[in-house]
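Below is protein.txt, which holds compact mmCIF, C-alpha atoms.
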```txt
# COMPACT_ATOMS: atom_id res chain seq x y z
CA MET A 115 -15.71 -55.90 4.95
CA ALA A 116 -12.51 -53.98 4.06
CA CYS A 117 -14.48 -50.78 4.18
CA GLY A 118 -15.59 -51.41 7.72
CA TYR A 119 -12.05 -52.21 8.80
CA ILE A 120 -10.59 -48.98 7.35
CA TYR A 121 -13.41 -47.04 8.91
CA SER A 122 -12.79 -48.47 12.36
CA CYS A 123 -9.03 -47.79 12.00
CA PHE A 124 -9.73 -44.14 11.25
CA TYR A 125 -12.23 -43.99 14.05
CA HIS A 126 -9.69 -45.20 16.59
CA LEU A 127 -6.99 -42.97 15.21
CA PHE A 128 -9.16 -39.86 15.55
CA ALA A 129 -10.38 -40.91 18.97
CA LYS A 130 -6.76 -41.25 20.08
CA LEU A 131 -5.82 -37.89 18.52
CA ALA A 132 -8.74 -36.19 20.20
CA LYS A 133 -7.69 -37.68 23.51
CA ILE A 134 -4.09 -36.53 23.10
CA LEU A 135 -5.19 -33.04 22.14
CA SER A 136 -7.59 -32.73 25.03
CA MET A 137 -4.94 -34.01 27.43
CA ALA A 138 -2.50 -31.45 26.13
CA ASN A 139 -5.06 -28.92 27.26
CA GLY A 140 -4.63 -30.02 30.82
CA ALA A 141 -7.45 -32.46 31.31
CA VAL A 142 -10.05 -34.42 29.42
CA ILE A 143 -13.04 -32.16 29.18
CA GLU A 144 -16.39 -33.87 29.36
CA GLN A 145 -19.03 -31.93 27.54
CA ASN A 146 -22.60 -32.58 26.69
CA THR A 147 -22.47 -32.30 22.89
CA SER A 148 -26.19 -31.77 22.53
CA THR A 149 -25.94 -28.38 24.24
CA LEU A 150 -22.50 -27.67 22.74
CA TRP A 151 -23.82 -27.60 19.17
CA GLY A 152 -27.29 -26.40 20.05
CA GLY A 153 -26.53 -22.75 19.32
CA GLY A 154 -26.79 -19.84 21.68
CA ARG A 155 -23.12 -20.00 22.65
CA GLN A 156 -20.54 -17.31 21.95
CA PRO A 157 -17.09 -18.88 21.56
CA PHE A 158 -15.56 -15.43 20.99
CA GLY A 159 -17.64 -13.62 23.56
CA ALA A 160 -19.06 -11.55 20.73
CA SER A 161 -22.44 -11.78 19.04
CA TYR A 162 -22.76 -13.25 15.55
CA GLY A 163 -23.23 -9.82 13.97
CA LYS A 164 -20.27 -8.25 15.70
CA LEU A 165 -18.00 -11.17 14.86
CA MET A 166 -19.00 -11.09 11.20
CA MET A 167 -18.39 -7.32 11.11
CA TRP A 168 -14.88 -7.97 12.38
CA PHE A 169 -14.27 -10.64 9.72
CA PHE A 170 -15.60 -8.35 7.00
CA LEU A 171 -13.33 -5.53 8.16
CA LEU A 172 -10.40 -7.96 8.20
CA SER A 173 -10.95 -8.83 4.53
CA ASP A 174 -11.50 -5.17 3.67
CA ALA A 175 -8.21 -4.29 5.36
CA LEU A 176 -6.47 -6.77 3.05
CA THR A 177 -8.15 -5.19 0.01
CA PHE A 178 -6.97 -1.72 0.97
CA SER A 179 -3.46 -2.92 1.72
CA GLY A 180 -3.45 -4.52 -1.75
CA PHE A 181 -4.29 -1.14 -3.33
CA LEU A 182 -1.74 0.79 -1.32
CA THR A 183 1.05 -1.73 -1.90
CA ALA A 184 0.31 -1.81 -5.63
CA MET A 185 0.59 1.97 -5.60
CA GLY A 186 3.91 1.69 -3.78
CA LEU A 187 5.20 -0.71 -6.44
CA TYR A 188 4.40 1.64 -9.35
CA ARG A 189 5.65 4.61 -7.43
CA PHE A 190 9.09 2.99 -7.08
CA LYS A 191 9.00 1.85 -10.70
CA TYR A 192 8.14 5.30 -12.11
CA GLU A 193 10.03 7.41 -9.60
CA GLU A 194 11.11 9.95 -12.26
CA THR A 195 7.58 10.86 -13.32
CA TRP A 196 5.71 10.23 -10.05
CA PRO A 197 4.64 13.63 -8.70
CA ILE A 198 5.23 14.81 -5.13
CA ALA A 199 1.95 15.28 -3.27
CA GLU A 200 2.97 18.76 -2.10
CA ASN A 201 3.08 19.93 -5.72
CA VAL A 202 -0.38 18.53 -6.42
CA PHE A 203 -2.56 19.20 -3.38
CA THR A 204 -1.83 22.84 -2.67
CA HIS A 205 -5.26 24.43 -2.29
CA PHE A 206 -7.16 25.47 0.78
CA PRO A 207 -10.67 26.97 0.61
CA PHE A 208 -10.73 30.80 0.73
CA LEU A 209 -6.95 30.99 1.03
CA HIS A 210 -4.64 32.28 -1.70
CA GLY A 211 -1.27 30.84 -2.48
CA GLU A 212 0.09 27.37 -1.87
CA HIS A 213 -0.76 25.41 1.27
CA PRO A 214 0.46 21.88 0.77
CA LEU A 215 -0.91 19.20 3.14
CA LEU A 216 -3.12 21.63 5.04
CA PHE A 217 -6.41 20.57 3.49
CA VAL A 218 -5.74 16.82 3.87
CA ALA A 219 -4.76 17.50 7.47
CA LEU A 220 -8.15 19.14 7.94
CA MET A 221 -9.88 16.12 6.36
CA THR A 222 -7.96 13.82 8.73
CA PHE A 223 -9.03 16.00 11.65
CA ILE A 224 -12.69 15.79 10.57
CA LEU A 225 -12.54 11.98 10.44
CA ILE A 226 -10.82 11.71 13.82
CA VAL A 227 -13.44 13.97 15.40
CA SER A 228 -16.27 11.94 13.85
CA SER A 229 -14.61 8.80 15.21
CA VAL A 230 -14.65 10.35 18.68
CA THR A 231 -18.35 11.25 18.40
CA MET A 232 -18.99 7.64 17.32
CA VAL A 233 -17.24 6.27 20.44
CA MET A 234 -19.36 8.66 22.50
CA ALA A 235 -22.50 7.26 20.80
CA VAL A 236 -21.43 3.66 21.54
CA ASN A 237 -20.64 4.69 25.12
CA ALA A 238 -24.08 6.27 25.51
CA GLY A 239 -25.59 3.07 24.07
CA HIS A 240 -23.92 1.01 26.80
CA HIS A 241 -25.80 3.09 29.33
CA ASN A 242 -29.06 2.76 27.36
CA ASP A 243 -29.03 6.55 27.07
CA LYS A 244 -31.21 7.16 24.01
CA LYS A 245 -30.78 10.97 24.00
CA GLY A 246 -27.01 10.57 24.16
CA VAL A 247 -26.97 8.12 21.24
CA VAL A 248 -29.17 10.47 19.16
CA LEU A 249 -26.87 13.43 19.86
CA TRP A 250 -23.53 11.71 19.23
CA LEU A 251 -24.66 9.54 16.30
CA GLY A 252 -26.23 12.64 14.75
CA LEU A 253 -22.93 14.51 15.07
CA THR A 254 -21.12 11.52 13.51
CA ILE A 255 -23.41 11.72 10.49
CA VAL A 256 -22.69 15.46 10.18
CA GLY A 257 -18.96 14.67 10.35
CA GLY A 258 -19.35 12.05 7.62
CA PHE A 259 -21.08 14.50 5.29
CA THR A 260 -18.42 17.12 6.02
CA PHE A 261 -15.71 14.69 5.04
CA LEU A 262 -17.54 13.70 1.83
CA GLY A 263 -17.96 17.38 0.97
CA SER A 264 -14.24 17.99 1.52
CA GLN A 265 -13.43 15.06 -0.71
CA ALA A 266 -15.73 16.39 -3.45
CA TRP A 267 -13.95 19.75 -3.17
CA GLU A 268 -10.57 18.08 -3.48
CA TRP A 269 -11.65 15.96 -6.48
CA TYR A 270 -13.02 19.09 -8.18
CA HIS A 271 -9.66 20.81 -7.93
CA PHE A 272 -7.77 17.68 -8.91
CA ILE A 273 -9.93 17.17 -12.01
CA HIS A 274 -9.72 20.80 -13.15
CA GLY A 275 -6.02 21.01 -12.54
CA ASP A 276 -3.88 23.84 -11.33
CA LYS A 277 -0.74 24.88 -13.12
CA GLY A 278 -0.97 22.87 -16.32
CA ALA A 279 1.91 20.97 -17.93
CA VAL A 280 3.24 19.50 -21.14
CA ILE A 281 2.66 15.92 -22.28
CA ALA A 282 5.12 14.40 -24.74
CA GLN A 283 4.41 11.86 -27.50
CA ASP A 284 5.47 8.99 -25.20
CA ASN A 285 2.99 10.24 -22.54
CA THR A 286 5.74 11.59 -20.27
CA VAL A 287 4.53 14.67 -18.44
CA TYR A 288 6.89 17.64 -17.97
CA TYR A 289 6.35 20.68 -15.78
CA LEU A 290 7.28 24.13 -17.04
CA THR A 291 10.05 25.82 -15.12
CA GLU A 292 12.72 28.47 -15.52
CA ALA A 293 16.43 27.80 -15.64
CA GLY A 294 18.08 28.67 -12.32
CA SER A 295 14.88 28.47 -10.25
CA GLU A 296 15.72 25.01 -8.85
CA GLY A 297 12.71 23.54 -10.61
CA LYS A 298 10.06 25.91 -9.25
CA ILE A 299 6.96 25.08 -11.27
CA LEU A 300 5.81 27.72 -13.72
CA SER A 301 2.11 27.61 -14.57
CA VAL A 302 0.98 27.63 -18.19
CA PHE A 303 -1.02 30.75 -17.31
CA GLU A 304 2.11 32.54 -16.10
CA LEU A 305 4.19 31.57 -19.13
CA VAL A 306 1.56 32.57 -21.71
CA THR A 307 0.20 35.76 -20.11
CA GLY A 308 3.26 36.83 -18.15
CA GLU A 309 1.06 37.53 -15.14
CA LYS A 310 0.60 35.73 -11.85
CA LYS A 311 -2.14 33.11 -11.98
CA PRO A 312 -5.23 34.46 -10.15
CA HIS A 313 -6.95 32.37 -7.49
CA GLY A 314 -9.40 29.85 -8.92
CA ASP A 315 -8.55 30.57 -12.55
CA HIS A 316 -9.36 27.74 -14.97
CA SER A 317 -8.66 29.33 -18.37
CA GLU A 318 -7.50 26.89 -21.01
CA PHE A 319 -4.59 27.37 -23.36
CA THR A 320 -3.74 25.83 -26.72
CA THR A 321 -0.49 24.10 -27.56
CA GLU A 322 0.13 26.83 -30.13
CA GLN A 323 -0.02 29.57 -27.45
CA LEU A 324 2.31 27.58 -25.21
CA ARG A 325 4.90 27.01 -27.99
CA ASN A 326 4.94 30.71 -28.90
CA ALA A 327 5.29 31.84 -25.29
CA PHE A 328 8.03 29.24 -24.74
CA ALA A 329 9.95 30.47 -27.77
CA ALA A 330 9.65 34.07 -26.55
CA ASN A 331 10.91 33.30 -23.02
CA GLY A 332 14.58 32.36 -23.33
CA SER A 333 14.94 31.04 -19.77
CA ALA A 334 11.90 28.76 -19.85
CA THR A 335 12.57 25.03 -19.84
CA LEU A 336 11.03 21.73 -18.71
CA ARG A 337 11.49 19.43 -15.71
CA LEU A 338 10.34 15.96 -14.68
CA PRO A 339 7.69 15.72 -11.93
CA GLY A 340 9.66 13.25 -9.77
CA LYS A 341 11.46 14.28 -6.62
CA GLY A 342 14.83 13.77 -8.30
CA ASP A 343 18.07 12.70 -6.65
CA LYS A 344 20.71 14.33 -4.45
CA ASP A 345 21.24 17.11 -7.00
CA GLY A 346 17.57 18.04 -6.95
CA VAL A 347 14.86 17.58 -9.56
CA LYS A 348 15.74 16.64 -13.15
CA ILE A 349 15.67 19.81 -15.27
CA LEU A 350 16.03 19.53 -19.05
CA SER A 351 18.43 21.76 -20.95
CA ARG A 352 16.83 24.39 -23.19
CA LYS A 353 17.79 22.33 -26.26
CA GLU A 354 16.24 19.12 -24.90
CA ALA A 355 13.13 21.03 -23.86
CA GLU A 356 12.73 22.48 -27.36
CA ASN A 357 13.01 18.99 -28.85
CA VAL A 358 10.32 17.64 -26.49
CA LEU A 359 8.05 20.61 -27.09
CA ALA A 360 8.21 20.23 -30.88
CA SER A 361 5.87 17.23 -30.67
CA ALA A 362 4.34 17.68 -27.20
CA GLU A 363 0.99 19.10 -26.23
CA VAL A 364 -0.34 21.21 -23.42
CA ILE A 365 -2.29 19.33 -20.74
CA GLN A 366 -4.55 20.80 -18.06
CA GLY A 367 -6.47 18.86 -15.43
CA ALA A 368 -6.67 15.13 -14.86
CA SER A 369 -8.62 12.24 -16.30
CA LEU A 370 -7.97 8.49 -16.12
CA ARG A 371 -6.07 8.67 -19.45
CA ALA A 372 -3.70 11.54 -18.77
CA ASN A 373 -3.08 14.20 -16.15
CA GLU A 374 -0.99 17.33 -15.69
CA TYR A 375 0.61 16.09 -12.46
CA GLY A 376 2.81 13.32 -13.83
CA ASN A 377 2.57 9.60 -14.44
CA VAL A 378 -0.88 8.51 -15.59
CA LEU A 379 -1.02 5.90 -12.80
CA PHE A 380 -0.72 8.62 -10.17
CA ALA A 381 -4.16 10.02 -11.02
CA ASP A 382 -5.56 6.52 -11.55
CA PHE A 383 -4.50 5.48 -8.06
CA PHE A 384 -5.74 8.79 -6.67
CA TYR A 385 -9.21 8.22 -8.12
CA PHE A 386 -9.25 4.54 -7.20
CA VAL A 387 -7.87 4.64 -3.65
CA THR A 388 -9.56 7.82 -2.43
CA GLY A 389 -12.67 6.88 -4.42
CA PHE A 390 -12.86 3.43 -2.83
CA HIS A 391 -12.32 4.98 0.58
CA GLY A 392 -14.95 7.65 -0.17
CA THR A 393 -17.40 4.89 -1.15
CA HIS A 394 -16.79 3.35 2.26
CA VAL A 395 -17.41 6.69 3.95
CA PHE A 396 -20.60 7.12 1.95
CA SER A 397 -21.93 3.65 2.81
CA GLY A 398 -20.89 4.28 6.42
CA VAL A 399 -22.98 7.46 6.47
CA VAL A 400 -25.93 5.54 4.97
CA LEU A 401 -25.62 2.81 7.63
CA ASN A 402 -25.35 5.45 10.35
CA ILE A 403 -28.52 7.15 9.08
CA ILE A 404 -30.44 3.84 9.07
CA ILE A 405 -29.34 3.11 12.64
CA PHE A 406 -30.06 6.72 13.63
CA ILE A 407 -33.67 6.35 12.41
CA ASN A 408 -33.96 3.05 14.31
CA VAL A 409 -32.69 4.74 17.47
CA LEU A 410 -35.26 7.52 17.06
CA MET A 411 -38.02 4.94 16.59
CA GLY A 412 -36.96 3.20 19.78
CA THR A 413 -36.06 -0.12 18.09
CA TYR A 414 -33.03 -0.70 20.33
CA GLU A 415 -34.76 0.60 23.43
CA ARG A 416 -37.33 -2.19 22.98
CA ARG A 417 -34.57 -4.71 22.22
CA GLY A 418 -32.92 -3.77 25.50
CA HIS A 419 -29.45 -3.08 24.07
CA TYR A 420 -27.78 -0.74 21.58
CA GLU A 421 -25.32 -3.24 20.10
CA MET A 422 -26.27 -2.25 16.57
CA VAL A 423 -24.67 1.16 17.24
CA GLU A 424 -21.52 -0.69 18.26
CA LYS A 425 -21.51 -2.69 15.00
CA VAL A 426 -21.83 0.33 12.71
CA GLY A 427 -19.35 2.00 15.05
CA LEU A 428 -16.79 -0.68 14.17
CA TYR A 429 -17.34 0.04 10.47
CA TRP A 430 -17.05 3.77 11.00
CA HIS A 431 -13.78 3.46 12.94
CA PHE A 432 -12.44 1.24 10.18
CA VAL A 433 -13.10 4.02 7.66
CA ASP A 434 -11.03 6.32 9.88
CA LEU A 435 -8.34 3.66 10.17
CA VAL A 436 -8.05 3.30 6.39
CA TRP A 437 -7.82 7.07 5.98
CA VAL A 438 -4.90 7.16 8.43
CA PHE A 439 -3.02 4.86 6.03
CA VAL A 440 -4.17 6.64 2.85
CA PHE A 441 -3.06 9.93 4.42
CA THR A 442 0.42 8.56 5.09
CA PHE A 443 1.03 6.66 1.87
CA PHE A 444 -0.65 9.02 -0.54
CA TYR A 445 0.13 12.43 0.92
CA LEU A 446 3.06 12.16 3.33
CA VAL A 447 5.57 9.53 2.21
CA MET B 625 -34.83 -22.92 20.69
CA ALA B 626 -31.65 -21.00 21.08
CA ASN B 627 -31.73 -17.25 20.90
CA HIS B 628 -29.55 -16.20 17.96
CA ASN B 629 -29.93 -12.53 18.65
CA LEU B 630 -28.02 -12.44 21.92
CA PRO B 631 -26.00 -9.31 22.62
CA SER B 632 -22.26 -9.72 23.06
CA GLU B 633 -21.14 -10.44 26.58
CA HIS B 634 -20.12 -7.34 28.44
CA HIS B 635 -16.43 -6.52 28.63
CA GLU B 636 -15.00 -4.14 31.14
CA SER B 637 -13.86 -0.86 29.69
CA PRO B 638 -12.88 2.29 31.54
CA GLU B 639 -15.73 4.21 33.11
CA GLY B 640 -16.66 7.69 31.92
CA THR B 641 -15.50 9.43 28.77
CA GLY B 642 -12.07 10.60 29.89
CA TRP B 643 -10.26 7.77 28.05
CA ILE B 644 -12.01 8.76 24.79
CA TRP B 645 -10.67 12.30 24.96
CA LYS B 646 -7.23 11.01 25.90
CA VAL B 647 -7.12 8.93 22.70
CA PHE B 648 -8.47 11.91 20.74
CA TRP B 649 -5.59 14.13 21.92
CA ILE B 650 -3.05 11.41 21.12
CA LEU B 651 -4.41 11.03 17.56
CA LEU B 652 -4.56 14.80 17.08
CA ILE B 653 -1.04 15.45 18.35
CA VAL B 654 0.47 12.61 16.30
CA THR B 655 -1.30 13.89 13.16
CA THR B 656 -0.10 17.44 13.84
CA VAL B 657 3.47 16.20 14.23
CA GLU B 658 3.15 14.29 10.93
CA VAL B 659 1.83 17.34 9.06
CA ALA B 660 4.50 19.60 10.56
CA LEU B 661 7.27 17.16 9.58
CA GLY B 662 5.70 16.82 6.11
CA ILE B 663 5.73 20.59 5.56
CA ILE B 664 9.15 21.33 7.09
CA LYS B 665 10.89 18.15 5.86
CA PRO B 666 13.92 18.59 8.14
CA GLU B 667 17.16 18.03 6.23
CA ILE B 668 18.55 15.96 9.11
CA LEU B 669 15.85 13.27 8.55
CA MET B 670 16.46 12.88 4.83
CA GLY B 671 19.25 10.34 5.20
CA LYS B 672 18.71 6.84 3.80
CA PHE B 673 17.52 4.14 6.17
CA LEU B 674 16.05 0.72 5.25
CA GLY B 675 15.75 1.72 1.61
CA THR B 676 13.88 4.96 2.25
CA SER B 677 14.39 8.19 4.18
CA VAL B 678 14.41 8.33 7.99
CA LEU B 679 11.46 10.73 7.71
CA ASN B 680 9.38 8.12 5.88
CA ILE B 681 10.18 5.53 8.55
CA ILE B 682 9.01 8.03 11.18
CA PHE B 683 5.79 8.56 9.21
CA ILE B 684 5.13 4.81 9.04
CA VAL B 685 5.85 4.28 12.75
CA LEU B 686 3.55 7.17 13.72
CA THR B 687 0.84 5.77 11.41
CA LEU B 688 1.04 2.34 13.03
CA LEU B 689 0.84 4.05 16.43
CA LYS B 690 -2.38 5.82 15.38
CA ALA B 691 -3.74 2.57 13.93
CA PHE B 692 -3.06 0.81 17.24
CA TYR B 693 -5.00 3.42 19.23
CA ILE B 694 -7.95 3.36 16.80
CA VAL B 695 -8.23 -0.45 16.81
CA ALA B 696 -7.40 -1.10 20.46
CA GLU B 697 -9.34 1.75 22.07
CA PHE B 698 -11.96 3.06 19.65
CA MET B 699 -12.82 -0.35 18.18
CA HIS B 700 -12.52 -1.77 21.66
CA LEU B 701 -10.45 -4.77 20.55
CA LYS B 702 -8.20 -4.45 23.61
CA PHE B 703 -11.15 -5.42 25.82
CA GLU B 704 -12.32 -8.44 23.81
CA ARG B 705 -11.49 -12.06 24.63
CA SER B 706 -7.96 -12.97 23.64
CA ASN B 707 -9.12 -15.54 21.05
CA LEU B 708 -10.99 -12.77 19.19
CA ILE B 709 -8.02 -10.40 19.48
CA TRP B 710 -5.67 -12.93 17.91
CA THR B 711 -8.18 -14.06 15.27
CA ILE B 712 -8.29 -10.48 13.98
CA ALA B 713 -4.71 -9.41 14.65
CA LEU B 714 -2.73 -12.41 13.37
CA PRO B 715 -4.00 -12.51 9.74
CA VAL B 716 -3.37 -8.76 9.45
CA LEU B 717 0.07 -8.93 11.07
CA ILE B 718 1.15 -11.86 8.88
CA LEU B 719 -0.57 -11.22 5.55
CA ILE B 720 -0.04 -7.47 5.10
CA PRO B 721 3.75 -7.48 5.67
CA TYR B 722 3.92 -10.60 3.48
CA LEU B 723 1.95 -8.92 0.70
CA ALA B 724 4.04 -5.76 0.95
CA PHE B 725 7.29 -7.74 0.92
CA ILE B 726 6.37 -9.94 -2.06
CA LEU B 727 4.98 -7.09 -4.13
CA LEU B 728 7.73 -4.57 -3.44
CA THR B 729 10.69 -6.96 -3.81
CA GLU B 730 9.49 -9.45 -6.44
CA GLY B 731 7.42 -6.82 -8.26
CA GLY B 732 10.70 -5.53 -9.70
CA TYR B 733 10.75 -8.60 -11.92
CA MET B 734 7.92 -6.98 -13.86
CA ASN B 735 10.39 -4.40 -15.16
CA VAL B 736 12.54 -7.18 -16.60
CA LEU B 737 9.57 -8.80 -18.32
CA MET B 738 8.21 -5.57 -19.71
CA ALA B 739 11.60 -4.61 -21.09
CA GLN B 740 11.64 -7.75 -23.29
```

What is this file in structure tokens?
Amino acid sequence: MACGYIYSCFYHLFAKLAKILSMANGAVIEQNTSTLWGGGRQPFGASYGKLMMWFFLLSDALTFSGFLTAMGLYRFKYEETWPIAENVFTHFPFLHGEHPLLFVALMTFILIVSSVTMVMAVNAGHHNDKKGVVLWLGLTIVGGFTFLGSQAWEWYHFIHGDKGAVIAQDNTVYYLTEAGSEGKILSVFELVTGEKKPHGDHSEFTTEQLRNAFAANGSATLRLPGKGDKDGVKILSRKEAENVLASAEVIQGASLRANEYGNVLFADFFYFVTGFHGTHVFSGVVLNIIIFINVLMGTYERRGHYEMVEKVGLYWHFVDLVWVFVFTFFYLV
Amino acid sequence: MANHNLPSEHHESPEGTGWIWKVFWILLIVTTVEVALGIIKPEILMGKFLGTSVLNIIFIVLTLLKAFYIVAEFMHLKFERSNLIWTIALPVLILIPYLAFILLTEGGYMNVLMAQ
């Protein structure tokens, strides 16, 4: 009895609410509910697959922003030992010397171009132009592999290291430098052998060799990797440097535990953020290849539309979008 | 039986491929400007502004500009129905600044805890 009364109260309340809401919309809309919930309608004007791709990309965007913001937090926290990207990513294939930013700029360019070829493929799909889709989607796949290759090249150099550094007992990393050089980084190779480091050299040095060479070179000292303050980077006095070096070790290259560039989290975030992005690029290439094969087999020609190309296109553009942010927050800022 | 494999309804987008190349040149030029600024690092842009350097603010603004062109033009969001546009844009526009704000301001509390 009481149950029925409460139920009817709620029923009338909701009926009233529904009426108010529909009136707020301008007029009471009469709709046949059997066709309304019968499927086959597109409330967003997008197919199920396309809509779900958008929702997936939305959640993925939040994941990436979580990574990048976490990196920002630690970067502010460990400003003194957080390396500057220009001191880390200095290589360019077949070129000698230091070329900061140039290689990442090239990688960005590759991704932008592959995004353009993807739009061309989607555009060709709208016109049911199979040859066009094959050409442009094929070029997109080539672009994807080129990017992955560039990333492998960059990881190789990051893992092997460049100039080498010193890691203290408390895991603080110090670069070698010379007094009066405004913190210009001296490579371990240069300090030990006295010669300029040849291109692509990966010889390893012991802590013993480093200590002896340091003792022999009166102007050698240490500096922190961070960008420093108004007065420039933080350079240790010779006395402080000798104290640090008494218990420190030489470090070359980068692993997840320690790296020659600076704070351990710098390399960890490098591997994690660019690795997670690279995984996306890789799965994007795989998806593109699957769709490419389907296009060749005429699957979408028979279906009458090339919307599948549009869906993987969304994913591919998202990969480019994420890289735009990684590029800024990892390499530029 | 409803067809669940319907293609999306067609939305008008510019004819031809001219608009694609226009967006390409915009992205390329903005990236080139970013790289050039990153290499030169003009002294005049190193002043503090909103807790970071003016240069960094310029980088972030240019990045958001590129992101807009990729999402609006390449991902075609500009031409979708407005309910889809807002369904995608609002969570991003609200949640990401919120996440960044909470983490970067309140994250400092971690230093206090770890010092104990």

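Here the question is which of B:Phe673, B:Gly642, B:Val695, B:Pro721 gets nearest to B:Ile709 using all atoms listed in the file, and that residue is B:Val695.
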
Residues within 9 Å of A:Met422, please, as a PyMOL selection string. Count only C-alpha atoms; anything in the same chain fewer than 4 positions from it doesn't count. chain A and resi 163-164+405+414+426-427

Could you make a table, as a tab-separated table, of the residues of chain A that have an atom within 6 Å of an atom of chain B, each with its nearest atom pair and distance in Å to one decimal, counting all atoms listed in the file, in chain and number order?
```
residue	atom	partner	partner_atom	distance
A:Gly153	CA	B:Ala626	CA	5.7
A:Gly154	CA	B:Ala626	CA	5.0
A:Phe158	CA	B:Leu708	CA	5.6
A:Gly159	CA	B:Glu633	CA	5.6
A:Ala160	CA	B:Ser632	CA	4.4
A:Ser161	CA	B:Ser632	CA	4.5
A:Thr183	CA	B:Ala724	CA	5.8
A:Leu187	CA	B:Leu728	CA	5.5
A:Leu428	CA	B:Met699	CA	5.7
A:Val447	CA	B:Asn680	CA	5.5
```

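Atom CA of A:Leu209 to atom CA of A:Pro312 spans 11.8 Å [interatomic distance, one decimal].
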
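One finds atom CA of A:Leu338 at 6.0 Å from atom CA of A:Thr195.
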
A:Gly239: which residues within 7 Å, counting all atoms listed in the file, same-chain residues fewer than 5 positions away excluded, as a ChimeraX atom specification? /A:244,247,420

Point-to-point distance in Å for atom CA of B:Val678 and atom CA of A:Val287: 28.9 Å

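Using all atoms listed in the file, the nearest neighbour of A:Gly332 within the list A:Thr291, A:Asn402, A:Thr222, A:Thr307 is A:Thr291.
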
Would you list the contacts of B:Ile664 as an MDAnalysis selection string, taking every protein, DNA or RNA residue within 12 Å and counting all atoms listed in the file, but skipping same-chain residues closer than 6 positions in sequence? (chainID A and resid 200 214:215 446) or (chainID B and resid 657:658 670 679)
